[in-house]
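J.: Sharing entry_33.tsv, TSV, C-alpha atoms:
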```
chain	number	residue	atom	x	y	z
M	1	MET	CA	-31.11	-13.05	-139.45
M	2	ALA	CA	-34.53	-14.63	-139.00
M	3	ALA	CA	-33.28	-16.51	-135.93
M	4	ARG	CA	-32.01	-13.27	-134.39
M	5	ARG	CA	-35.30	-11.56	-135.05
M	6	GLY	CA	-37.15	-14.45	-133.45
M	7	LEU	CA	-34.91	-14.30	-130.38
M	8	ALA	CA	-35.31	-10.52	-130.15
M	9	LEU	CA	-39.07	-10.90	-130.35
M	10	CYS	CA	-39.10	-13.52	-127.59
M	11	VAL	CA	-36.87	-11.43	-125.34
M	12	THR	CA	-39.04	-8.40	-125.98
M	13	GLY	CA	-42.07	-10.43	-124.96
M	14	ALA	CA	-40.34	-11.50	-121.74
M	15	VAL	CA	-39.42	-7.91	-120.89
M	16	ALA	CA	-42.97	-6.79	-121.65
M	17	ALA	CA	-44.30	-9.53	-119.37
M	18	CYS	CA	-42.01	-8.29	-116.56
M	19	VAL	CA	-43.22	-4.73	-117.01
M	20	TRP	CA	-46.86	-5.78	-117.17
M	21	ALA	CA	-46.58	-7.95	-114.05
M	22	LEU	CA	-44.95	-5.13	-112.09
M	23	ALA	CA	-47.51	-2.65	-113.35
M	24	SER	CA	-50.29	-4.98	-112.23
M	25	ALA	CA	-48.70	-5.23	-108.79
M	26	ALA	CA	-48.29	-1.45	-108.58
M	27	THR	CA	-52.06	-0.98	-108.57
M	28	TYR	CA	-52.20	-2.89	-105.25
M	29	ARG	CA	-49.38	-1.09	-103.46
M	30	HIS	CA	-51.77	0.81	-101.17
M	31	VAL	CA	-54.03	-2.20	-100.49
M	32	PRO	CA	-53.66	-4.50	-97.44
M	33	SER	CA	-51.89	-7.69	-98.46
M	34	ASP	CA	-49.86	-10.60	-97.12
M	35	LEU	CA	-46.94	-8.21	-96.84
M	36	THR	CA	-48.97	-6.12	-94.41
M	37	GLN	CA	-48.51	-8.84	-91.79
M	38	ASP	CA	-44.74	-8.82	-92.18
M	39	TYR	CA	-44.54	-5.02	-92.29
M	40	LEU	CA	-46.46	-4.79	-89.03
M	41	THR	CA	-44.48	-7.53	-87.30
M	42	ALA	CA	-41.23	-5.81	-88.30
M	43	ARG	CA	-42.52	-2.64	-86.65
M	44	ALA	CA	-43.51	-4.71	-83.62
M	45	LEU	CA	-39.97	-6.09	-83.40
M	46	ARG	CA	-38.60	-2.56	-83.46
M	47	ASP	CA	-41.04	-1.42	-80.77
M	48	GLY	CA	-40.62	-4.49	-78.57
M	49	THR	CA	-44.21	-5.69	-79.11
M	50	PRO	CA	-44.94	-9.45	-79.42
M	51	VAL	CA	-45.10	-10.20	-83.13
M	52	TYR	CA	-48.19	-12.40	-82.92
M	53	ASP	CA	-50.29	-9.84	-81.06
M	54	PRO	CA	-53.08	-8.08	-83.00
M	55	LEU	CA	-51.24	-5.11	-84.54
M	56	PRO	CA	-52.75	-1.88	-85.89
M	57	ALA	CA	-52.97	-1.88	-89.69
M	58	ALA	CA	-52.49	1.89	-89.59
M	59	TRP	CA	-48.74	1.27	-89.19
M	60	ALA	CA	-48.71	0.24	-92.85
M	61	HIS	CA	-51.88	1.86	-94.16
M	62	PRO	CA	-52.58	5.28	-92.61
M	63	GLY	CA	-56.25	5.70	-91.89
M	64	ALA	CA	-56.92	1.98	-91.37
M	65	THR	CA	-58.76	1.20	-88.15
M	66	ASP	CA	-58.53	-2.61	-87.99
M	67	THR	CA	-55.86	-4.86	-86.52
M	68	VAL	CA	-53.89	-7.65	-88.19
M	69	THR	CA	-52.47	-10.82	-86.64
M	70	SER	CA	-49.62	-12.56	-88.43
M	71	ASP	CA	-49.82	-16.19	-89.51
M	72	HIS	CA	-46.29	-16.41	-90.91
M	73	PRO	CA	-43.46	-18.46	-89.33
M	74	PRO	CA	-40.75	-16.59	-87.39
M	75	PRO	CA	-38.04	-17.09	-90.09
M	76	TYR	CA	-40.42	-15.65	-92.69
M	77	ILE	CA	-41.05	-12.63	-90.46
M	78	VAL	CA	-37.35	-12.01	-89.87
M	79	ALA	CA	-36.46	-12.44	-93.56
M	80	LEU	CA	-38.87	-9.67	-94.62
M	81	ALA	CA	-38.27	-7.40	-91.64
M	82	PRO	CA	-35.81	-5.08	-93.49
M	83	LEU	CA	-38.64	-3.98	-95.79
M	84	GLU	CA	-40.14	-2.07	-92.86
M	85	LEU	CA	-37.35	0.49	-93.28
M	86	LEU	CA	-39.14	1.68	-96.44
M	87	PRO	CA	-42.59	3.22	-96.88
M	88	TYR	CA	-45.11	0.42	-97.37
M	89	PRO	CA	-45.86	1.10	-101.09
M	90	ILE	CA	-42.15	1.05	-101.94
M	91	ALA	CA	-41.60	-2.10	-99.86
M	92	PHE	CA	-44.50	-3.74	-101.69
M	93	LEU	CA	-43.05	-2.91	-105.11
M	94	LEU	CA	-39.58	-4.04	-104.04
M	95	LEU	CA	-40.96	-7.44	-103.01
M	96	ALA	CA	-42.84	-7.67	-106.32
M	97	ALA	CA	-39.62	-6.92	-108.20
M	98	ALA	CA	-37.81	-9.59	-106.16
M	99	ASN	CA	-40.50	-12.10	-107.16
M	100	VAL	CA	-40.13	-11.19	-110.83
M	101	ALA	CA	-36.35	-11.50	-110.64
M	102	ALA	CA	-36.55	-14.82	-108.78
M	103	GLY	CA	-39.11	-16.25	-111.19
M	104	THR	CA	-36.98	-15.23	-114.16
M	105	GLY	CA	-33.90	-16.70	-112.50
M	106	CYS	CA	-35.70	-20.00	-111.92
M	107	VAL	CA	-36.60	-20.29	-115.59
M	108	VAL	CA	-33.00	-19.58	-116.57
M	109	ILE	CA	-31.77	-22.27	-114.16
M	110	VAL	CA	-34.25	-24.82	-115.49
M	111	GLY	CA	-33.48	-23.87	-119.08
M	112	ARG	CA	-29.74	-24.30	-118.64
M	113	GLU	CA	-30.12	-27.62	-116.88
M	114	LEU	CA	-32.45	-29.02	-119.53
M	115	GLY	CA	-30.67	-27.53	-122.53
M	116	TRP	CA	-33.29	-25.01	-123.66
M	117	SER	CA	-32.42	-22.45	-126.28
M	118	ALA	CA	-32.45	-18.75	-125.39
M	119	ARG	CA	-35.66	-18.39	-127.38
M	120	VAL	CA	-37.46	-21.12	-125.46
M	121	THR	CA	-36.18	-19.74	-122.15
M	122	ALA	CA	-37.55	-16.29	-122.99
M	123	LEU	CA	-40.90	-17.77	-123.99
M	124	VAL	CA	-41.15	-19.70	-120.73
M	125	VAL	CA	-40.26	-16.54	-118.74
M	126	THR	CA	-43.13	-14.80	-120.49
M	127	ALA	CA	-45.51	-17.67	-119.78
M	128	LEU	CA	-44.50	-17.85	-116.12
M	129	LEU	CA	-44.94	-14.13	-115.47
M	130	LEU	CA	-48.30	-14.09	-117.23
M	131	HIS	CA	-49.56	-17.07	-115.23
M	132	PRO	CA	-52.45	-16.02	-112.97
M	133	GLY	CA	-50.63	-17.52	-110.00
M	134	ALA	CA	-47.52	-15.43	-110.63
M	135	VAL	CA	-49.59	-12.28	-111.04
M	136	THR	CA	-51.48	-13.14	-107.85
M	137	CYS	CA	-48.19	-13.63	-106.00
M	138	LEU	CA	-47.09	-10.13	-106.93
M	139	CYS	CA	-50.45	-8.49	-106.24
M	140	VAL	CA	-50.98	-10.04	-102.78
M	141	GLY	CA	-47.46	-9.40	-101.54
M	142	ASN	CA	-46.46	-13.05	-101.21
M	143	VAL	CA	-43.09	-14.75	-101.71
M	144	SER	CA	-43.96	-17.90	-103.67
M	145	LEU	CA	-41.77	-17.00	-106.66
M	146	VAL	CA	-38.91	-16.03	-104.36
M	147	LEU	CA	-39.36	-19.37	-102.58
M	148	LEU	CA	-39.17	-21.19	-105.90
M	149	LEU	CA	-35.59	-19.98	-106.38
M	150	PRO	CA	-33.97	-22.05	-103.57
M	151	ILE	CA	-36.09	-25.01	-104.66
M	152	ALA	CA	-34.75	-24.74	-108.21
M	153	LEU	CA	-31.21	-24.29	-106.92
M	154	GLY	CA	-31.58	-27.34	-104.68
M	155	TRP	CA	-32.81	-29.41	-107.63
M	156	ARG	CA	-29.87	-28.22	-109.73
M	157	ALA	CA	-27.44	-29.19	-106.97
M	158	LEU	CA	-29.01	-32.65	-106.75
M	159	ARG	CA	-28.59	-33.13	-110.49
M	160	ARG	CA	-24.92	-32.23	-110.13
M	161	ASP	CA	-24.35	-34.57	-107.17
M	162	ARG	CA	-23.64	-31.67	-104.82
M	163	ALA	CA	-25.27	-32.92	-101.65
M	164	GLY	CA	-24.24	-30.09	-99.33
M	165	PRO	CA	-25.59	-27.21	-101.45
M	166	ALA	CA	-28.75	-29.22	-102.23
M	167	GLY	CA	-29.44	-29.68	-98.53
M	168	ALA	CA	-28.70	-26.01	-97.82
M	169	TRP	CA	-31.09	-24.70	-100.48
M	170	LEU	CA	-33.92	-27.11	-99.71
M	171	GLY	CA	-33.45	-26.59	-95.98
M	172	LEU	CA	-33.68	-22.84	-96.48
M	173	ALA	CA	-36.94	-23.19	-98.41
M	174	GLY	CA	-38.37	-25.44	-95.70
M	175	ALA	CA	-37.28	-23.06	-92.94
M	176	ILE	CA	-38.94	-19.99	-94.46
M	177	LYS	CA	-42.23	-21.72	-95.27
M	178	LEU	CA	-43.06	-25.07	-93.71
M	179	TYR	CA	-44.52	-27.01	-96.63
M	180	PRO	CA	-41.31	-27.15	-98.77
M	181	GLY	CA	-39.85	-29.24	-95.96
M	182	LEU	CA	-41.34	-32.26	-97.75
M	183	LEU	CA	-38.69	-31.77	-100.44
M	184	VAL	CA	-36.06	-32.97	-97.99
M	185	LEU	CA	-37.42	-36.46	-98.70
M	186	GLY	CA	-35.59	-36.15	-101.99
M	187	LEU	CA	-32.33	-36.08	-100.06
M	188	PHE	CA	-33.29	-39.32	-98.31
M	189	GLY	CA	-34.11	-40.83	-101.70
M	190	GLU	CA	-30.67	-39.85	-102.92
M	191	ARG	CA	-29.13	-41.24	-99.70
M	192	THR	CA	-27.09	-38.07	-99.41
M	193	TRP	CA	-26.46	-37.98	-95.68
M	194	ARG	CA	-24.34	-34.86	-96.02
M	195	GLY	CA	-27.29	-33.16	-97.72
M	196	ILE	CA	-29.70	-34.32	-95.02
M	197	ALA	CA	-27.38	-33.10	-92.27
M	198	THR	CA	-26.87	-29.76	-94.03
M	199	ALA	CA	-30.62	-29.29	-94.44
M	200	GLY	CA	-31.13	-30.03	-90.75
M	201	VAL	CA	-28.44	-27.55	-89.73
M	202	VAL	CA	-29.89	-24.82	-91.97
M	203	VAL	CA	-33.38	-25.33	-90.54
M	204	ILE	CA	-32.08	-25.28	-86.95
M	205	VAL	CA	-29.98	-22.17	-87.56
M	206	CYS	CA	-32.83	-20.30	-89.28
M	207	TRP	CA	-35.38	-21.13	-86.62
M	208	GLY	CA	-32.88	-20.58	-83.83
M	209	ALA	CA	-31.90	-17.15	-85.12
M	210	ALA	CA	-35.55	-16.23	-85.67
M	211	THR	CA	-36.36	-17.31	-82.12
M	212	VAL	CA	-33.58	-15.12	-80.76
M	213	VAL	CA	-34.95	-12.14	-82.72
M	214	THR	CA	-38.68	-12.65	-82.09
M	215	GLY	CA	-38.46	-14.30	-78.66
M	216	SER	CA	-39.18	-17.81	-77.42
M	217	ASP	CA	-42.74	-16.84	-76.47
M	218	SER	CA	-43.42	-15.97	-80.10
M	219	LEU	CA	-42.13	-19.37	-81.22
M	220	VAL	CA	-44.40	-21.17	-78.76
M	221	ASN	CA	-47.33	-18.97	-79.78
M	222	TYR	CA	-46.80	-19.74	-83.46
M	223	VAL	CA	-46.42	-23.49	-83.03
M	224	GLN	CA	-49.24	-23.97	-80.53
M	225	THR	CA	-51.72	-21.32	-81.65
M	226	ARG	CA	-51.17	-19.36	-84.84
M	227	ALA	CA	-50.23	-22.18	-87.24
M	228	PRO	CA	-53.05	-24.57	-86.19
M	229	ALA	CA	-55.62	-21.74	-86.09
M	230	ASN	CA	-54.60	-20.57	-89.55
M	231	ALA	CA	-54.97	-24.06	-91.01
M	232	ARG	CA	-58.37	-24.58	-89.38
M	233	SER	CA	-59.66	-21.17	-90.44
M	234	PHE	CA	-58.71	-21.42	-94.10
M	235	VAL	CA	-58.89	-25.12	-94.92
M	236	GLY	CA	-62.44	-24.61	-96.18
M	237	HIS	CA	-61.63	-21.41	-98.03
M	238	GLY	CA	-63.24	-21.29	-101.44
M	239	PHE	CA	-59.88	-21.01	-103.16
M	240	ASN	CA	-57.74	-23.48	-101.24
M	241	LEU	CA	-56.31	-25.77	-103.94
M	242	SER	CA	-54.87	-28.51	-101.71
M	243	VAL	CA	-56.68	-31.83	-101.56
M	244	ALA	CA	-57.98	-30.86	-98.12
M	245	GLY	CA	-59.30	-27.64	-99.60
M	246	ALA	CA	-60.90	-29.52	-102.48
M	247	ALA	CA	-62.72	-31.83	-100.05
M	248	HIS	CA	-64.03	-28.94	-97.98
M	249	ARG	CA	-65.03	-26.95	-101.05
M	250	ALA	CA	-67.25	-29.84	-102.12
M	251	PHE	CA	-68.55	-31.17	-98.82
M	252	GLY	CA	-67.68	-28.68	-96.07
M	253	ALA	CA	-69.89	-26.18	-94.32
M	254	PRO	CA	-70.11	-22.64	-95.79
M	255	ASN	CA	-67.84	-20.06	-94.19
M	256	GLU	CA	-67.33	-16.33	-94.36
M	257	TYR	CA	-64.42	-16.62	-96.77
M	258	SER	CA	-66.36	-18.33	-99.54
M	259	PRO	CA	-70.03	-17.46	-99.11
M	260	TRP	CA	-70.83	-17.86	-102.80
M	261	LEU	CA	-69.65	-21.45	-103.16
M	262	GLU	CA	-72.48	-23.97	-103.05
M	263	ARG	CA	-71.79	-27.05	-100.91
M	264	MET	CA	-72.95	-30.48	-101.99
M	265	ALA	CA	-73.81	-31.34	-98.38
M	266	ASP	CA	-73.57	-29.53	-95.08
M	267	ARG	CA	-71.58	-32.38	-93.56
M	268	PRO	CA	-68.22	-31.29	-92.17
M	269	ASP	CA	-67.53	-34.85	-91.04
M	270	VAL	CA	-67.80	-36.03	-94.64
M	271	ALA	CA	-65.38	-33.31	-95.71
M	272	ALA	CA	-62.87	-34.31	-93.02
M	273	ARG	CA	-63.02	-37.99	-93.94
M	274	LEU	CA	-62.72	-37.28	-97.65
M	275	SER	CA	-59.84	-34.93	-96.93
M	276	TRP	CA	-57.86	-37.63	-95.14
M	277	ALA	CA	-58.70	-40.19	-97.81
M	278	ALA	CA	-57.41	-37.84	-100.49
M	279	ARG	CA	-54.24	-37.19	-98.51
M	280	GLY	CA	-53.76	-40.93	-98.15
M	281	ALA	CA	-54.02	-41.37	-101.92
M	282	VAL	CA	-51.43	-38.64	-102.48
M	283	VAL	CA	-49.09	-40.19	-99.91
M	284	LEU	CA	-49.47	-43.56	-101.66
M	285	LEU	CA	-48.58	-42.04	-105.03
M	286	LEU	CA	-45.67	-40.24	-103.39
M	287	ALA	CA	-44.31	-43.42	-101.79
M	288	VAL	CA	-44.69	-45.52	-104.93
M	289	GLY	CA	-43.09	-42.82	-107.05
M	290	LEU	CA	-40.08	-42.39	-104.79
M	291	VAL	CA	-39.50	-46.14	-104.63
M	292	ARG	CA	-39.70	-46.44	-108.42
M	293	ALA	CA	-37.37	-43.46	-108.86
M	294	ARG	CA	-34.59	-44.94	-106.71
M	295	HIS	CA	-33.01	-46.96	-109.51
M	296	GLN	CA	-33.65	-44.60	-112.42
M	297	PRO	CA	-30.83	-42.74	-114.18
M	298	ASP	CA	-32.87	-39.51	-114.08
M	299	ARG	CA	-33.60	-39.91	-110.36
M	300	PRO	CA	-33.18	-36.22	-109.33
M	301	ASP	CA	-35.55	-35.07	-112.07
M	302	ARG	CA	-38.14	-37.69	-111.29
M	303	THR	CA	-37.87	-37.10	-107.55
M	304	ILE	CA	-38.51	-33.36	-107.84
M	305	ALA	CA	-41.35	-34.00	-110.29
M	306	ILE	CA	-42.99	-36.16	-107.62
M	307	LEU	CA	-42.26	-34.07	-104.54
M	308	ILE	CA	-43.36	-30.62	-105.73
M	309	PRO	CA	-46.96	-31.54	-106.66
M	310	ALA	CA	-47.16	-33.77	-103.57
M	311	MET	CA	-46.11	-30.94	-101.24
M	312	LEU	CA	-48.69	-28.59	-102.76
M	313	LEU	CA	-51.45	-31.17	-102.54
M	314	LEU	CA	-50.63	-32.25	-98.98
M	315	SER	CA	-50.19	-28.77	-97.55
M	316	PRO	CA	-53.25	-27.70	-95.52
M	317	LEU	CA	-53.34	-24.46	-97.52
M	318	THR	CA	-52.30	-24.05	-101.15
M	319	TRP	CA	-53.20	-20.83	-102.91
M	320	LEU	CA	-53.06	-19.97	-106.58
M	321	HIS	CA	-49.81	-18.03	-106.13
M	322	ALA	CA	-48.01	-21.31	-105.29
M	323	VAL	CA	-49.04	-23.04	-108.55
M	324	PRO	CA	-46.11	-21.57	-110.59
M	325	MET	CA	-43.87	-23.92	-108.58
M	326	MET	CA	-45.16	-26.60	-110.94
M	327	LEU	CA	-42.81	-25.17	-113.56
M	328	VAL	CA	-40.03	-27.57	-112.58
M	329	PRO	CA	-42.08	-30.82	-112.64
M	330	ILE	CA	-43.68	-29.97	-115.97
M	331	ALA	CA	-40.33	-29.02	-117.48
M	332	VAL	CA	-38.53	-32.22	-116.42
M	333	LEU	CA	-41.45	-34.47	-117.38
M	334	GLY	CA	-41.82	-32.75	-120.73
M	335	ARG	CA	-38.23	-33.61	-121.55
M	336	HIS	CA	-39.01	-37.28	-122.16
M	337	ALA	CA	-42.81	-37.39	-122.51
M	338	THR	CA	-44.05	-38.64	-125.88
M	339	GLY	CA	-47.36	-39.59	-127.44
M	340	SER	CA	-50.29	-39.87	-125.08
M	341	ARG	CA	-48.17	-38.99	-122.06
M	342	ARG	CA	-47.17	-35.69	-123.66
M	343	THR	CA	-50.82	-34.96	-124.48
M	344	PHE	CA	-51.78	-35.69	-120.88
M	345	LEU	CA	-48.99	-33.45	-119.58
M	346	ILE	CA	-50.15	-30.60	-121.83
M	347	ALA	CA	-53.69	-31.04	-120.50
M	348	CYS	CA	-52.39	-30.88	-116.92
M	349	ALA	CA	-50.38	-27.76	-117.71
M	350	ALA	CA	-53.47	-26.15	-119.23
M	351	ALA	CA	-55.48	-27.01	-116.09
M	352	LEU	CA	-52.85	-25.28	-113.96
M	353	TRP	CA	-53.57	-22.06	-115.84
M	354	MET	CA	-57.16	-21.77	-114.64
M	355	ASN	CA	-57.85	-18.78	-112.40
M	356	ASP	CA	-60.58	-20.22	-110.17
M	357	ARG	CA	-61.03	-17.04	-108.14
M	358	TRP	CA	-61.65	-14.85	-111.18
M	359	LEU	CA	-64.03	-17.33	-112.80
M	360	ALA	CA	-66.05	-17.77	-109.60
M	361	THR	CA	-66.31	-14.01	-109.17
M	362	GLN	CA	-67.45	-13.58	-112.76
M	363	TRP	CA	-70.07	-16.28	-112.35
M	364	VAL	CA	-71.56	-14.55	-109.34
M	365	ALA	CA	-71.44	-11.15	-111.06
M	366	LEU	CA	-73.21	-12.45	-114.18
M	367	THR	CA	-75.79	-14.76	-112.59
M	368	GLY	CA	-76.23	-13.41	-109.09
M	369	GLU	CA	-76.17	-17.03	-107.88
M	370	ASN	CA	-73.74	-19.25	-106.02
M	371	VAL	CA	-71.37	-21.45	-107.99
M	372	PRO	CA	-73.09	-24.84	-108.47
M	373	PRO	CA	-71.27	-28.01	-107.34
M	374	ALA	CA	-70.58	-29.24	-110.89
M	375	LEU	CA	-68.92	-25.95	-111.84
M	376	ASN	CA	-67.02	-25.93	-108.58
M	377	LEU	CA	-65.42	-29.25	-109.53
M	378	ILE	CA	-64.31	-27.67	-112.81
M	379	LEU	CA	-62.89	-24.67	-110.97
M	380	LEU	CA	-60.67	-27.10	-109.07
M	381	ALA	CA	-58.78	-27.64	-112.33
M	382	PRO	CA	-55.39	-26.60	-110.82
M	383	THR	CA	-55.83	-29.31	-108.18
M	384	TRP	CA	-56.63	-31.90	-110.84
M	385	GLY	CA	-53.63	-30.66	-112.83
M	386	MET	CA	-51.30	-31.18	-109.87
M	387	LEU	CA	-52.75	-34.63	-109.27
M	388	GLY	CA	-52.27	-35.47	-112.93
M	389	VAL	CA	-48.63	-34.38	-112.89
M	390	LEU	CA	-48.01	-36.41	-109.73
M	391	ALA	CA	-49.60	-39.50	-111.30
M	392	LEU	CA	-47.60	-39.00	-114.48
M	393	ALA	CA	-44.33	-38.65	-112.55
M	394	THR	CA	-45.14	-41.74	-110.47
M	395	THR	CA	-45.86	-43.92	-113.49
M	396	CYS	CA	-43.12	-42.48	-115.70
M	397	PRO	CA	-41.36	-45.28	-117.64
M	398	ARG	CA	-37.65	-45.94	-117.29
M	399	THR	CA	-35.38	-43.55	-119.15
M	400	ARG	CA	-32.00	-44.37	-120.60
M	401	GLU	CA	-30.30	-41.04	-120.04
M	402	ARG	CA	-30.09	-38.66	-117.18
```
Any chance you could give the structure as structure tokens?

T.:
Amino acid sequence: MAARRGLALCVTGAVAACVWALASAATYRHVPSDLTQDYLTARALRDGTPVYDPLPAAWAHPGATDTVTSDHPPPYIVALAPLELLPYPIAFLLLAAANVAAGTGCVVIVGRELGWSARVTALVVTALLLHPGAVTCLCVGNVSLVLLLPIALGWRALRRDRAGPAGAWLGLAGAIKLYPGLLVLGLFGERTWRGIATAGVVVIVCWGAATVVTGSDSLVNYVQTRAPANARSFVGHGFNLSVAGAAHRAFGAPNEYSPWLERMADRPDVAARLSWAARGAVVLLLAVGLVRARHQPDRPDRTIAILIPAMLLLSPLTWLHAVPMMLVPIAVLGRHATGSRRTFLIACAAALWMNDRWLATQWVALTGENVPPALNLILLAPTWGMLGVLALATTCPRTRER
């Protein structure tokens, strides 16, 4: 009886977390968001307007006078285009609900693969949906939790030696958003040529179909102009959690997106050099980890635990709403971690919970001053947490069971 009551309490908490997350998102349904770009580009497709032209925000938000230019890849645009058939607030809430469902589904997948009880699974669902990154994902109209679903399914397929489905799921994730393409390295590590070929076919089909829908000029515009311009514009954003963002937050020149963040030196060249040095260190950890994982019995688990933090750290832009993707690495590492390694993993998981945007805003509101450099390094806790998980996965000792 006590066990049933405990399970009922955990499930109730998970349901309450779902409701609270959706309610939080609902307060932003009339506010411009990431979804605004996709809503406008879907209207542009219907009207025959180039999708990467500046588009009137009034199409989504009546009364708005500004224009919006999309930074999303063509497959991303096409995937969300059906939402334009609905009024923007309803489309926004539908995407939020899809994120909640996908996030919950990911936890269930991970729990079944790792043998969690129903009570633990419900607790993790609650924790995931209360994570500031998950809430941010819902409130800014992004798809990070939806994107986590094919990643989790690809990992599950790898664990079950199903190369074709693994390649299909990971290829789909990489086609929709570019940075998950790094996960395909896991297929090379597994030497699953069928999986590699399947991933390549999925990417080609997705981008080919998107090019047919949006036009070849849009593809060229995105590759040559929009993607590079987006990376350059936001790499120094005050809340970019990639290693490049961390370098520019500390050493880059101030910009309009983060005017309250104090810079240690107005030396963009220093920021660029430090950025590449940090990327080199991550690549080194990635390479060493993949080589060490090749002959381990838990190779799929270790590979995904290395690749997910590496992809987030190496991406030019990593926002807080992508941090919940660290669920899978932490879960698989926690399965065998003991002693000091478990303590370190818990510390990394705690660091991933920090909401740097909220804390920086509160600092400015309370003090009226810019965030000092020392505090800025603390606010980069999610970056340090991802680095810590990557280092832990790279140095993980040999395990005896898969």

J.: If we count only C-alpha atoms, what is near Arg160 in chain M at a cut-off of 12 Å, once residues fewer than 4 positions away on the same chain are taken out, given as a PyMOL selection string?

T.: chain M and resi 113+153-156+164-166+190+298-301+402

J.: Name the residues in contact with range 229-242 of chain M at a cut-off of 6 Å, using all atoms listed in the file, excluding same-chain residues fewer than 3 positions from it; report them as a ChimeraX atom specification.

T.: /M:225-226,245,248-249,257-258,313,317-319,383

J.: Kindly indicate which residue among M:Gly181, M:Ala227, M:Leu345, M:Leu138 lies nearest to Met311 in chain M, using all atoms listed in the file for the distances.

T.: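 Using all atoms listed in the file, Met311 in chain M sits closest to M:Gly181.
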
J.: How many Å separate CA of Pro73 in chain M from CA of Leu290 in chain M?

T.: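 Result for CA of Pro73 in chain M versus CA of Leu290 in chain M: 28.7 Å, one decimal.
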
J.: Counting all atoms listed in the file, which of M:Thr126, M:Thr214, M:Gly63, M:Gly171 gets nearest to Arg43 in chain M?

T.: M:Thr214

J.: Skip Met386 in chain M itself and residues of its chain fewer than 4 positions away, then list as a list in words all residues within 7 Å of it, counting all atoms listed in the file.

T.: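 Once the adjacent positions are removed, what remains is Pro309, Pro382 and Leu390 of chain M.
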
J.: Would you pick out the contacts of Leu45 in chain M at 12 Å or less, using all atoms listed in the file, so that residues sharing its chain but fewer than 6 positions from it are not included, and give the list as a compact mmCIF listing (two decimals) with C-alpha atoms, keeping the file's coordinate frame?

T.:
```txt
# COMPACT_ATOMS: atom_id res chain seq x y z
CA ASP M 38 -44.74 -8.82 -92.18
CA TYR M 39 -44.54 -5.02 -92.29
CA VAL M 51 -45.10 -10.20 -83.13
CA TYR M 52 -48.19 -12.40 -82.92
CA ASP M 53 -50.29 -9.84 -81.06
CA LEU M 55 -51.24 -5.11 -84.54
CA PRO M 74 -40.75 -16.59 -87.39
CA ILE M 77 -41.05 -12.63 -90.46
CA VAL M 78 -37.35 -12.01 -89.87
CA LEU M 80 -38.87 -9.67 -94.62
CA ALA M 81 -38.27 -7.40 -91.64
CA PRO M 82 -35.81 -5.08 -93.49
CA GLU M 84 -40.14 -2.07 -92.86
CA ALA M 210 -35.55 -16.23 -85.67
CA THR M 211 -36.36 -17.31 -82.12
CA VAL M 212 -33.58 -15.12 -80.76
CA VAL M 213 -34.95 -12.14 -82.72
CA THR M 214 -38.68 -12.65 -82.09
CA GLY M 215 -38.46 -14.30 -78.66
CA SER M 218 -43.42 -15.97 -80.10
```

J.: At what distance in Å, to one decimal, does CA of Gln37 in chain M lie from CA of Leu128 in chain M?

T.: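 Interatomic distance, CA of Leu128 in chain M to CA of Gln37 in chain M: 26.3 Å.
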
J.: I'd like the contact shell of Ala247 in chain M - 10 Å cut-off, only C-alpha atoms, skipping same-chain residues fewer than 3 positions apart - returned as a PyMOL selection string.

T.: chain M and resi 235-236+240-244+250-252+268+270-278

J.: Please report the interatomic distance between CA of Leu387 in chain M and CA of Ala322 in chain M in Å with one decimal.

T.: 14.7 Å

J.: Scan for residues within 10 Å of the point (-33.2, -23.2, -113.7) in the coordinates of the file, using all atoms listed in the file, and reply as a list of chain:residue names.

T.: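 The residues that fall inside the cut-off are M:Gly103, M:Thr104, M:Gly105, M:Cys106, M:Val107, M:Val108, M:Ile109, M:Val110, M:Gly111, M:Arg112, M:Glu113, M:Leu114, M:Thr121, M:Leu149, M:Ile151, M:Ala152, M:Leu153, M:Trp155, M:Arg156, M:Leu327, M:Val328, M:Ala331.
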
J.: Now that the selection is made, can you save its residues with C-alpha atoms as a PDB file, in the frame of the given file?

T.:
```pdb
ATOM      1  CA  GLY M 103     -39.110 -16.250-111.190  1.00  0.00           C
ATOM      2  CA  THR M 104     -36.980 -15.230-114.160  1.00  0.00           C
ATOM      3  CA  GLY M 105     -33.900 -16.700-112.500  1.00  0.00           C
ATOM      4  CA  CYS M 106     -35.700 -20.000-111.920  1.00  0.00           C
ATOM      5  CA  VAL M 107     -36.600 -20.290-115.590  1.00  0.00           C
ATOM      6  CA  VAL M 108     -33.000 -19.580-116.570  1.00  0.00           C
ATOM      7  CA  ILE M 109     -31.770 -22.270-114.160  1.00  0.00           C
ATOM      8  CA  VAL M 110     -34.250 -24.820-115.490  1.00  0.00           C
ATOM      9  CA  GLY M 111     -33.480 -23.870-119.080  1.00  0.00           C
ATOM     10  CA  ARG M 112     -29.740 -24.300-118.640  1.00  0.00           C
ATOM     11  CA  GLU M 113     -30.120 -27.620-116.880  1.00  0.00           C
ATOM     12  CA  LEU M 114     -32.450 -29.020-119.530  1.00  0.00           C
ATOM     13  CA  THR M 121     -36.180 -19.740-122.150  1.00  0.00           C
ATOM     14  CA  LEU M 149     -35.590 -19.980-106.380  1.00  0.00           C
ATOM     15  CA  ILE M 151     -36.090 -25.010-104.660  1.00  0.00           C
ATOM     16  CA  ALA M 152     -34.750 -24.740-108.210  1.00  0.00           C
ATOM     17  CA  LEU M 153     -31.210 -24.290-106.920  1.00  0.00           C
ATOM     18  CA  TRP M 155     -32.810 -29.410-107.630  1.00  0.00           C
ATOM     19  CA  ARG M 156     -29.870 -28.220-109.730  1.00  0.00           C
ATOM     20  CA  LEU M 327     -42.810 -25.170-113.560  1.00  0.00           C
ATOM     21  CA  VAL M 328     -40.030 -27.570-112.580  1.00  0.00           C
ATOM     22  CA  ALA M 331     -40.330 -29.020-117.480  1.00  0.00           C
TER      23      ALA M 331
END
```
